[in-house]
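**Q** The structure that follows is given in the form of structure tokens.
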Amino acid sequence: MIENEKASLSIKKIMTIAILLIILFGVGVIATNINVNHVKIILSNNYEMQILTTKTKISDILEENHIVVLPEENVMPNIDSELLDNKTITITKAYGEQDVIKLAEANSEVSIEQLLGDYTPTIEKIITEQVEIPFETITKNSSTEVEGANQILTKGKNGLKEITYRAKFKNDIEIDRTILSEKIVKEPINQIVQINKNAVTSRSSAKREVVNPATTSINNLAKKVKGKTPTVKTFNTSAYCSCTKCCGKSGGMTSAGVKASSWYTLASGSVYPIGTIIYIPYFKDKPNEGWFIVQDRGGAISSNKLDVYMGTHSQAIQFGRKNLECYVYM
Ligand SMILES: [Zn+2]
């Protein structure tokens, strides 16, 4: 009797656990069936992607896969709508109405060769990177008759910004880059220096305020600014060449309308007029002895950035990015 009771108790236990397992498994299967969609995304360059998603709203699915729709592109179905039964999202270049009709008419006659010709296996990636924003140094003259060395009133601090861009790759080589957004993570703090009287005795910063490198140089650009007093400023300096990667176009034509020359041409933000002469001591041993002239503009160049034109792309890459002290003659 006791033996029997024990046996039926353990059978009950096993049954209960089995039923629980079946229920759990069942729920799992149902959940999977409801939530996961196999979606096909066709990009405007005819590139097709197959993705798995739990999202149903078109904009959510695109965002999840880091696909940014450009203003000149159309999305089918509408970006704010839900996924249709065919589970396909198509991104196309926006055409005028006329073109759409023409395309629709021509569509039936498009040959396989034509379709293959249009197919370019370009891979797009959305990349986010953080870049330092160098601080600026602002000098001000002492209001009272203070003697002695110059004083740093506020110590400068570099800021930080986050740049998100869409890069296109073909055979793992980046062929195009479009900046989508720039977000300031941390604003730079300007360094404020008080220039005191008789501060010439101090070793570094004060002397640089007084000495005009143009007076001793025999460089042609230096001769033009002999009488001018430079403003000393730290610039975040990078380099570029005339290739499509650096300029988006090739040919090396500057904004000033002349051909860019190495050890001569600088690109700056529009704060510095074309023709502004800038001396960069870092390059004093180069053929130009450090003397440059602003001849070019760059897309994302702000007032604290300079771009030095170099003969080859590898030279530009090798130079990288440096915070350099510059003498600006305006
Ligand atoms: Zn280049």
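We name chains A, B, ... following the order of the structure tokens; residues begin at 1 in each chain, and ligands are numbered from 1 as shown.
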How close does each residue of chain A get to ligand 1, giving the shortest atom pair and distance in Å to one decimal for every residue with an atom at most 7 Å away, counting only C-alpha atoms and all ligand atoms, sorted by chain and residue number, as a Markdown table?

**A**
```
| residue | atom | partner | partner_atom_place_in_ligand_line | distance |
| --- | --- | --- | --- | --- |
| A:Tyr240 | CA | ligand 1 | 1 (Zn) | 5.3 |
| A:Cys241 | CA | ligand 1 | 1 (Zn) | 4.1 |
| A:Ser242 | CA | ligand 1 | 1 (Zn) | 5.6 |
| A:Cys243 | CA | ligand 1 | 1 (Zn) | 4.3 |
| A:Thr244 | CA | ligand 1 | 1 (Zn) | 6.6 |
| A:Lys245 | CA | ligand 1 | 1 (Zn) | 5.3 |
| A:Cys246 | CA | ligand 1 | 1 (Zn) | 4.2 |
| A:Thr312 | CA | ligand 1 | 1 (Zn) | 6.5 |
| A:His313 | CA | ligand 1 | 1 (Zn) | 3.9 |
| A:Ala316 | CA | ligand 1 | 1 (Zn) | 6.7 |
```

**Q** For N, CA and C atoms, I'd like the residues from the last selection saved as a PDB file, in the first residue's frame.

**A**
```pdb
ATOM      1  N   TYR A 240      45.814  66.918 -46.896  1.00  0.00           N
ATOM      2  CA  TYR A 240      44.994  66.351 -47.969  1.00  0.00           C
ATOM      3  C   TYR A 240      45.759  66.397 -49.277  1.00  0.00           C
ATOM      4  N   CYS A 241      45.283  65.631 -50.244  1.00  0.00           N
ATOM      5  CA  CYS A 241      45.879  65.701 -51.574  1.00  0.00           C
ATOM      6  C   CYS A 241      44.767  65.952 -52.581  1.00  0.00           C
ATOM      7  N   SER A 242      45.065  65.798 -53.866  1.00  0.00           N
ATOM      8  CA  SER A 242      44.056  66.150 -54.862  1.00  0.00           C
ATOM      9  C   SER A 242      43.186  64.962 -55.265  1.00  0.00           C
ATOM     10  N   CYS A 243      43.320  63.836 -54.542  1.00  0.00           N
ATOM     11  CA  CYS A 243      42.580  62.643 -54.962  1.00  0.00           C
ATOM     12  C   CYS A 243      41.093  62.757 -54.625  1.00  0.00           C
ATOM     13  N   THR A 244      40.299  61.860 -55.213  1.00  0.00           N
ATOM     14  CA  THR A 244      38.847  61.911 -54.988  1.00  0.00           C
ATOM     15  C   THR A 244      38.495  61.615 -53.532  1.00  0.00           C
ATOM     16  N   LYS A 245      39.317  60.795 -52.883  1.00  0.00           N
ATOM     17  CA  LYS A 245      39.071  60.478 -51.473  1.00  0.00           C
ATOM     18  C   LYS A 245      39.137  61.741 -50.623  1.00  0.00           C
ATOM     19  N   CYS A 246      40.128  62.576 -50.897  1.00  0.00           N
ATOM     20  CA  CYS A 246      40.327  63.791 -50.097  1.00  0.00           C
ATOM     21  C   CYS A 246      39.373  64.900 -50.523  1.00  0.00           C
ATOM     22  N   THR A 312      51.007  63.674 -52.351  1.00  0.00           N
ATOM     23  CA  THR A 312      50.441  62.335 -52.505  1.00  0.00           C
ATOM     24  C   THR A 312      49.520  62.001 -51.336  1.00  0.00           C
ATOM     25  N   HIS A 313      48.633  61.045 -51.594  1.00  0.00           N
ATOM     26  CA  HIS A 313      47.680  60.649 -50.569  1.00  0.00           C
ATOM     27  C   HIS A 313      48.389  59.994 -49.385  1.00  0.00           C
ATOM     28  N   ALA A 316      49.744  62.496 -47.055  1.00  0.00           N
ATOM     29  CA  ALA A 316      48.666  63.110 -46.268  1.00  0.00           C
ATOM     30  C   ALA A 316      48.252  62.197 -45.127  1.00  0.00           C
TER      31      ALA A 316
END
```

**Q** Might you pull out every residue within 6 Å of Val193 in chain A, with only C-alpha atoms counted and same-chain residues fewer than 4 positions away left off, and present them as a PyMOL selection string?

**A** chain A and resi 139+151-153

**Q** Could you list, as a list in words, every residue within 12 Å of Glu82 in chain A, counting only C-alpha atoms and ignoring same-chain residues fewer than 5 positions away?

**A**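 Using only C-alpha atoms, the neighbours found are Lys55, Thr56, Lys57, Ile58, Ser59, Asp60, Ile61, Leu62, Met76, Pro77, Lys87, Thr88 and Ile89 of chain A.
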
**Q** Taking 4 positions as the minimum chain separation for residues in the same chain, which residues sit within 10 Å of range 264-281 of chain A when counting only C-alpha atoms? Answer as a ChimeraX atom specification.

**A** /A:213-214,221-222,224-225,230-232,234-235,237-240,254-256,258-260,285-310,324-330

**Q** Could you write out that same residue set with N, CA and C atoms as a short mmCIF file (atom, residue, chain, number, x, y, z; two decimals), in the first residue's frame?

**A**
```cif
data_model
loop_
_atom_site.label_atom_id
_atom_site.label_comp_id
_atom_site.auth_asym_id
_atom_site.auth_seq_id
_atom_site.Cartn_x
_atom_site.Cartn_y
_atom_site.Cartn_z
N PRO A 213 58.16 86.24 -37.14
CA PRO A 213 59.10 85.42 -37.93
C PRO A 213 59.30 85.96 -39.35
N ALA A 214 58.39 86.80 -39.81
CA ALA A 214 58.50 87.33 -41.17
C ALA A 214 59.70 88.27 -41.33
N LEU A 221 56.54 84.59 -49.41
CA LEU A 221 55.31 84.87 -48.68
C LEU A 221 55.62 85.70 -47.44
N ALA A 222 56.74 85.38 -46.80
CA ALA A 222 57.14 86.11 -45.59
C ALA A 222 57.37 87.58 -45.91
N LYS A 224 55.91 89.41 -47.98
CA LYS A 224 54.65 90.15 -48.16
C LYS A 224 54.07 90.65 -46.84
N VAL A 225 54.42 90.01 -45.73
CA VAL A 225 53.77 90.36 -44.47
C VAL A 225 54.77 90.90 -43.44
N PRO A 230 51.65 89.06 -36.43
CA PRO A 230 50.85 87.84 -36.53
C PRO A 230 50.04 87.55 -35.26
N THR A 231 48.98 86.80 -35.42
CA THR A 231 48.25 86.26 -34.28
C THR A 231 48.68 84.81 -34.13
N VAL A 232 49.13 84.45 -32.92
CA VAL A 232 49.58 83.07 -32.72
C VAL A 232 48.41 82.24 -32.21
N THR A 234 46.74 77.99 -32.01
CA THR A 234 46.92 76.56 -32.25
C THR A 234 45.80 76.05 -33.14
N PHE A 235 46.18 75.39 -34.22
CA PHE A 235 45.19 74.82 -35.14
C PHE A 235 45.27 73.30 -35.12
N THR A 237 45.54 70.51 -37.25
CA THR A 237 46.01 70.47 -38.63
C THR A 237 46.00 69.06 -39.19
N SER A 238 45.46 68.93 -40.38
CA SER A 238 45.52 67.65 -41.08
C SER A 238 46.01 67.93 -42.49
N ALA A 239 46.13 66.88 -43.31
CA ALA A 239 46.66 67.07 -44.65
C ALA A 239 45.72 66.44 -45.67
N TYR A 240 45.81 66.92 -46.90
CA TYR A 240 44.99 66.35 -47.97
C TYR A 240 45.76 66.40 -49.28
N THR A 254 41.82 74.44 -56.64
CA THR A 254 41.45 75.01 -55.34
C THR A 254 40.25 75.94 -55.48
N SER A 255 39.73 76.36 -54.33
CA SER A 255 38.63 77.32 -54.32
C SER A 255 39.08 78.66 -54.89
N ALA A 256 40.39 78.92 -54.82
CA ALA A 256 40.91 80.17 -55.35
C ALA A 256 41.01 80.12 -56.88
N VAL A 258 43.07 78.27 -58.63
CA VAL A 258 44.40 77.90 -59.13
C VAL A 258 44.69 76.46 -58.73
N LYS A 259 45.67 75.87 -59.36
CA LYS A 259 46.03 74.50 -59.01
C LYS A 259 46.75 74.49 -57.66
N ALA A 260 46.38 73.56 -56.80
CA ALA A 260 47.02 73.48 -55.49
C ALA A 260 48.47 73.04 -55.64
N ASP A 285 61.58 73.31 -41.68
CA ASP A 285 62.67 72.68 -42.42
C ASP A 285 62.24 72.18 -43.80
N LYS A 286 60.98 72.41 -44.14
CA LYS A 286 60.47 71.98 -45.45
C LYS A 286 60.83 73.04 -46.51
N PRO A 287 60.63 72.69 -47.80
CA PRO A 287 61.04 73.63 -48.87
C PRO A 287 60.44 75.04 -48.72
N ASN A 288 59.28 75.14 -48.13
CA ASN A 288 58.64 76.47 -47.99
C ASN A 288 59.03 77.16 -46.69
N GLU A 289 59.91 76.55 -45.93
CA GLU A 289 60.35 77.06 -44.63
C GLU A 289 59.19 77.35 -43.69
N GLY A 290 58.06 76.68 -43.92
CA GLY A 290 56.92 76.84 -43.02
C GLY A 290 55.90 77.87 -43.47
N TRP A 291 56.11 78.49 -44.63
CA TRP A 291 55.20 79.56 -45.06
C TRP A 291 54.15 79.04 -46.03
N PHE A 292 52.88 79.31 -45.69
CA PHE A 292 51.76 78.83 -46.50
C PHE A 292 50.82 79.98 -46.83
N ILE A 293 49.95 79.74 -47.80
CA ILE A 293 48.91 80.71 -48.12
C ILE A 293 47.57 79.99 -48.27
N VAL A 294 46.53 80.59 -47.71
CA VAL A 294 45.20 80.00 -47.81
C VAL A 294 44.70 80.15 -49.25
N GLN A 295 44.47 79.00 -49.90
CA GLN A 295 43.99 79.02 -51.29
C GLN A 295 42.74 78.17 -51.45
N ASP A 296 42.38 77.48 -50.37
CA ASP A 296 41.34 76.48 -50.54
C ASP A 296 40.39 76.48 -49.36
N ARG A 297 39.23 75.92 -49.60
CA ARG A 297 38.23 75.75 -48.57
C ARG A 297 37.93 74.26 -48.43
N GLY A 298 37.60 73.87 -47.24
CA GLY A 298 37.22 72.47 -47.04
C GLY A 298 35.81 72.41 -46.50
N GLY A 299 35.13 71.30 -46.82
CA GLY A 299 33.72 71.15 -46.42
C GLY A 299 33.49 71.35 -44.94
N ALA A 300 34.17 70.54 -44.13
CA ALA A 300 33.85 70.55 -42.71
C ALA A 300 34.91 71.30 -41.91
N ILE A 301 35.57 72.24 -42.55
CA ILE A 301 36.67 72.91 -41.85
C ILE A 301 36.15 74.10 -41.05
N SER A 302 36.31 74.01 -39.74
CA SER A 302 35.85 75.12 -38.90
C SER A 302 37.03 76.06 -38.67
N SER A 303 36.80 77.05 -37.83
CA SER A 303 37.81 78.09 -37.70
C SER A 303 39.09 77.61 -37.03
N ASN A 304 39.07 76.49 -36.33
CA ASN A 304 40.30 76.03 -35.69
C ASN A 304 40.94 74.85 -36.40
N LYS A 305 40.59 74.70 -37.69
CA LYS A 305 41.18 73.60 -38.45
C LYS A 305 41.90 74.12 -39.68
N LEU A 306 43.01 73.49 -39.98
CA LEU A 306 43.75 73.80 -41.20
C LEU A 306 44.03 72.50 -41.92
N ASP A 307 44.10 72.56 -43.23
CA ASP A 307 44.42 71.40 -44.03
C ASP A 307 45.61 71.76 -44.92
N VAL A 308 46.68 70.99 -44.80
CA VAL A 308 47.89 71.27 -45.59
C VAL A 308 47.84 70.42 -46.85
N TYR A 309 47.99 71.07 -48.00
CA TYR A 309 47.97 70.32 -49.26
C TYR A 309 49.29 69.56 -49.43
N MET A 310 49.20 68.27 -49.74
CA MET A 310 50.41 67.49 -49.97
C MET A 310 50.33 66.78 -51.31
N LEU A 324 48.99 72.20 -34.08
CA LEU A 324 50.20 72.94 -34.38
C LEU A 324 50.01 74.43 -34.12
N GLU A 325 51.09 75.02 -33.63
CA GLU A 325 51.07 76.46 -33.42
C GLU A 325 51.26 77.16 -34.76
N CYS A 326 50.44 78.15 -35.05
CA CYS A 326 50.49 78.83 -36.33
C CYS A 326 50.51 80.34 -36.13
N TYR A 327 51.19 81.04 -37.06
CA TYR A 327 51.22 82.50 -37.04
C TYR A 327 50.35 82.98 -38.20
N VAL A 328 49.25 83.62 -37.84
CA VAL A 328 48.29 84.05 -38.88
C VAL A 328 48.48 85.53 -39.17
N TYR A 329 48.66 85.88 -40.45
CA TYR A 329 48.81 87.27 -40.87
C TYR A 329 47.55 87.70 -41.59
N MET A 330 46.75 88.53 -40.91
CA MET A 330 45.50 88.96 -41.56
C MET A 330 45.47 90.47 -41.74
#
```

**Q** Just want the 8 Å neighbourhood of range 37-48 of chain A, counted on only C-alpha atoms, with same-chain residues fewer than 2 positions away dropped. Output as a list of chain:residue names.

**A**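 Near neighbours after the sequence-gap exclusion: A:Asn35, A:Gln50, A:Ile51, A:Leu52, A:Thr53, A:Thr54, A:Lys55, A:Glu73, A:Lys87, A:Thr88, A:Ile89, A:Thr90, A:Ile91, A:Thr92, A:Lys93, A:Asp118, A:Tyr119, A:Thr120, A:Pro121, A:Thr122.
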
**Q** Could the residues in this selection be written to a file with N, CA and C atoms, as an mmCIF file, in the first residue's frame?

**A**
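Result saved to result_34.cif:
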```cif
data_model
loop_
_atom_site.group_PDB
_atom_site.id
_atom_site.type_symbol
_atom_site.label_atom_id
_atom_site.label_comp_id
_atom_site.auth_asym_id
_atom_site.auth_seq_id
_atom_site.Cartn_x
_atom_site.Cartn_y
_atom_site.Cartn_z
ATOM 1 N N ASN A 35 7.079 36.795 -33.650
ATOM 2 C CA ASN A 35 7.967 37.956 -33.622
ATOM 3 C C ASN A 35 8.978 38.073 -34.754
ATOM 4 N N GLN A 50 19.041 40.178 -46.917
ATOM 5 C CA GLN A 50 18.037 39.393 -46.214
ATOM 6 C C GLN A 50 18.313 39.581 -44.732
ATOM 7 N N ILE A 51 17.315 40.003 -43.995
ATOM 8 C CA ILE A 51 17.563 40.212 -42.565
ATOM 9 C C ILE A 51 16.443 39.577 -41.737
ATOM 10 N N LEU A 52 16.750 39.363 -40.480
ATOM 11 C CA LEU A 52 15.763 38.864 -39.529
ATOM 12 C C LEU A 52 15.455 39.991 -38.574
ATOM 13 N N THR A 53 14.193 40.206 -38.302
ATOM 14 C CA THR A 53 13.875 41.295 -37.383
ATOM 15 C C THR A 53 12.619 40.981 -36.595
ATOM 16 N N THR A 54 12.543 41.568 -35.420
ATOM 17 C CA THR A 54 11.316 41.444 -34.635
ATOM 18 C C THR A 54 10.464 42.678 -34.822
ATOM 19 N N LYS A 55 11.000 43.675 -35.534
ATOM 20 C CA LYS A 55 10.278 44.930 -35.728
ATOM 21 C C LYS A 55 9.352 44.814 -36.932
ATOM 22 N N GLU A 73 15.897 59.686 -52.101
ATOM 23 C CA GLU A 73 15.483 58.292 -52.226
ATOM 24 C C GLU A 73 14.039 58.092 -51.744
ATOM 25 N N LYS A 87 6.811 41.203 -47.223
ATOM 26 C CA LYS A 87 8.001 41.381 -46.382
ATOM 27 C C LYS A 87 9.206 41.902 -47.172
ATOM 28 N N THR A 88 8.938 42.858 -48.036
ATOM 29 C CA THR A 88 10.012 43.423 -48.841
ATOM 30 C C THR A 88 10.005 44.941 -48.691
ATOM 31 N N ILE A 89 11.204 45.490 -48.484
ATOM 32 C CA ILE A 89 11.342 46.944 -48.440
ATOM 33 C C ILE A 89 12.216 47.347 -49.623
ATOM 34 N N THR A 90 11.732 48.256 -50.416
ATOM 35 C CA THR A 90 12.492 48.660 -51.597
ATOM 36 C C THR A 90 12.838 50.139 -51.504
ATOM 37 N N ILE A 91 14.138 50.428 -51.637
ATOM 38 C CA ILE A 91 14.583 51.826 -51.656
ATOM 39 C C ILE A 91 14.982 52.156 -53.084
ATOM 40 N N THR A 92 14.400 53.203 -53.612
ATOM 41 C CA THR A 92 14.729 53.578 -54.990
ATOM 42 C C THR A 92 15.123 55.036 -55.034
ATOM 43 N N LYS A 93 15.856 55.394 -56.056
ATOM 44 C CA LYS A 93 16.166 56.801 -56.306
ATOM 45 C C LYS A 93 14.875 57.474 -56.726
ATOM 46 N N ASP A 118 23.702 47.099 -64.129
ATOM 47 C CA ASP A 118 23.356 48.084 -63.105
ATOM 48 C C ASP A 118 23.785 47.636 -61.717
ATOM 49 N N TYR A 119 23.982 46.338 -61.561
ATOM 50 C CA TYR A 119 24.266 45.804 -60.232
ATOM 51 C C TYR A 119 25.701 46.107 -59.824
ATOM 52 N N THR A 120 25.840 46.890 -58.774
ATOM 53 C CA THR A 120 27.178 47.181 -58.272
ATOM 54 C C THR A 120 27.248 46.713 -56.818
ATOM 55 N N PRO A 121 28.101 45.773 -56.510
ATOM 56 C CA PRO A 121 28.149 45.250 -55.148
ATOM 57 C C PRO A 121 28.827 46.225 -54.193
ATOM 58 N N THR A 122 28.161 47.309 -53.916
ATOM 59 C CA THR A 122 28.699 48.293 -52.985
ATOM 60 C C THR A 122 28.097 48.028 -51.610
#
```

**Q** Tell me which of A:Ile195, A:Val131, A:Ile179, A:Ile123 sits closest to Asn150 in chain A, counting only C-alpha atoms.

**A**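 The shortest atom-to-atom distance to Asn150 in chain A comes from A:Ile195.
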
**Q** Could you pull the residues within 8 Å of Lys125 in chain A, counting only C-alpha atoms, minus those fewer than 5 positions along the same chain, as a list of chain:residue names?

**A**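 That gives A:His66, A:Arg166, A:Ala167, A:Lys168, A:Phe169.
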
**Q** What would the file look like if the residues just selected were written as a compact mmCIF listing (two decimals), in the first residue's frame with C-alpha atoms?

**A**
```
# COMPACT_ATOMS: atom_id res chain seq x y z
CA HIS A 66 21.79 51.21 -40.00
CA ARG A 166 27.94 56.65 -44.16
CA ALA A 167 30.88 54.98 -45.87
CA LYS A 168 30.61 53.01 -49.09
CA PHE A 169 32.95 50.11 -49.64
```

**Q** DSSP on the backbone: what in range 150-321 of chain A comes out strand (DSSP E), as a PyMOL selection string?

**A** chain A and resi 151-154+159-170+173-186+191-195+231-240+265-268+277-279+291-297+305-309+321

**Q** Pull C-alpha atoms from the residues just selected and write them as a short mmCIF file (atom, residue, chain, number, x, y, z; two decimals), in the first residue's frame.

**A**
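Generated output (again.cif):
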```cif
data_model
loop_
_atom_site.label_atom_id
_atom_site.label_comp_id
_atom_site.auth_asym_id
_atom_site.auth_seq_id
_atom_site.Cartn_x
_atom_site.Cartn_y
_atom_site.Cartn_z
CA GLN A 151 49.49 84.31 -16.85
CA ILE A 152 47.17 81.55 -17.93
CA LEU A 153 43.81 82.64 -16.55
CA THR A 154 41.87 79.64 -17.81
CA GLY A 159 36.56 69.03 -26.59
CA LEU A 160 35.15 65.93 -28.18
CA LYS A 161 32.72 65.38 -30.98
CA GLU A 162 31.06 62.35 -32.42
CA ILE A 163 30.88 62.11 -36.19
CA THR A 164 28.53 59.65 -37.84
CA TYR A 165 29.09 59.03 -41.49
CA ARG A 166 27.94 56.65 -44.16
CA ALA A 167 30.88 54.98 -45.87
CA LYS A 168 30.61 53.01 -49.09
CA PHE A 169 32.95 50.11 -49.64
CA LYS A 170 33.76 48.25 -52.81
CA ILE A 173 38.06 49.78 -50.07
CA GLU A 174 36.28 52.91 -48.92
CA ILE A 175 35.13 54.73 -52.04
CA ASP A 176 32.82 57.35 -50.61
CA ARG A 177 32.04 59.04 -47.33
CA THR A 178 29.05 61.21 -46.45
CA ILE A 179 28.85 62.86 -43.06
CA LEU A 180 25.37 62.29 -41.67
CA SER A 181 25.64 64.03 -38.35
CA GLU A 182 28.09 65.73 -36.02
CA LYS A 183 27.36 65.83 -32.34
CA ILE A 184 29.41 67.78 -29.82
CA VAL A 185 30.04 65.46 -26.88
CA LYS A 186 32.15 67.97 -25.00
CA GLN A 191 42.66 78.87 -23.01
CA ILE A 192 42.76 82.47 -21.83
CA VAL A 193 46.17 84.04 -21.40
CA GLN A 194 46.76 87.43 -19.86
CA ILE A 195 49.61 89.29 -21.52
CA THR A 231 48.25 86.26 -34.28
CA VAL A 232 49.58 83.07 -32.72
CA LYS A 233 47.01 80.33 -32.56
CA THR A 234 46.92 76.56 -32.25
CA PHE A 235 45.19 74.82 -35.14
CA ASN A 236 44.08 71.25 -35.48
CA THR A 237 46.01 70.47 -38.63
CA SER A 238 45.52 67.65 -41.08
CA ALA A 239 46.66 67.07 -44.65
CA TYR A 240 44.99 66.35 -47.97
CA THR A 265 48.54 75.64 -50.42
CA LEU A 266 46.47 75.60 -47.24
CA ALA A 267 42.75 75.00 -46.85
CA SER A 268 40.99 76.80 -44.01
CA ILE A 277 49.44 83.97 -45.15
CA ILE A 278 50.14 81.55 -42.32
CA TYR A 279 53.51 80.51 -40.93
CA TRP A 291 55.20 79.56 -45.06
CA PHE A 292 51.76 78.83 -46.50
CA ILE A 293 48.91 80.71 -48.12
CA VAL A 294 45.20 80.00 -47.81
CA GLN A 295 43.99 79.02 -51.29
CA ASP A 296 41.34 76.48 -50.54
CA ARG A 297 38.23 75.75 -48.57
CA LYS A 305 41.18 73.60 -38.45
CA LEU A 306 43.75 73.80 -41.20
CA ASP A 307 44.42 71.40 -44.03
CA VAL A 308 47.89 71.27 -45.59
CA TYR A 309 47.97 70.32 -49.26
CA ARG A 321 46.35 65.10 -37.47
#
```

**Q** Near Ile189 in chain A, within 7 Å and counting only C-alpha atoms, which residues show up once chain neighbours fewer than 3 positions away are dropped, as a list in words?

**A** Phe135, Gly156, Lys157 and Asn158 of chain A
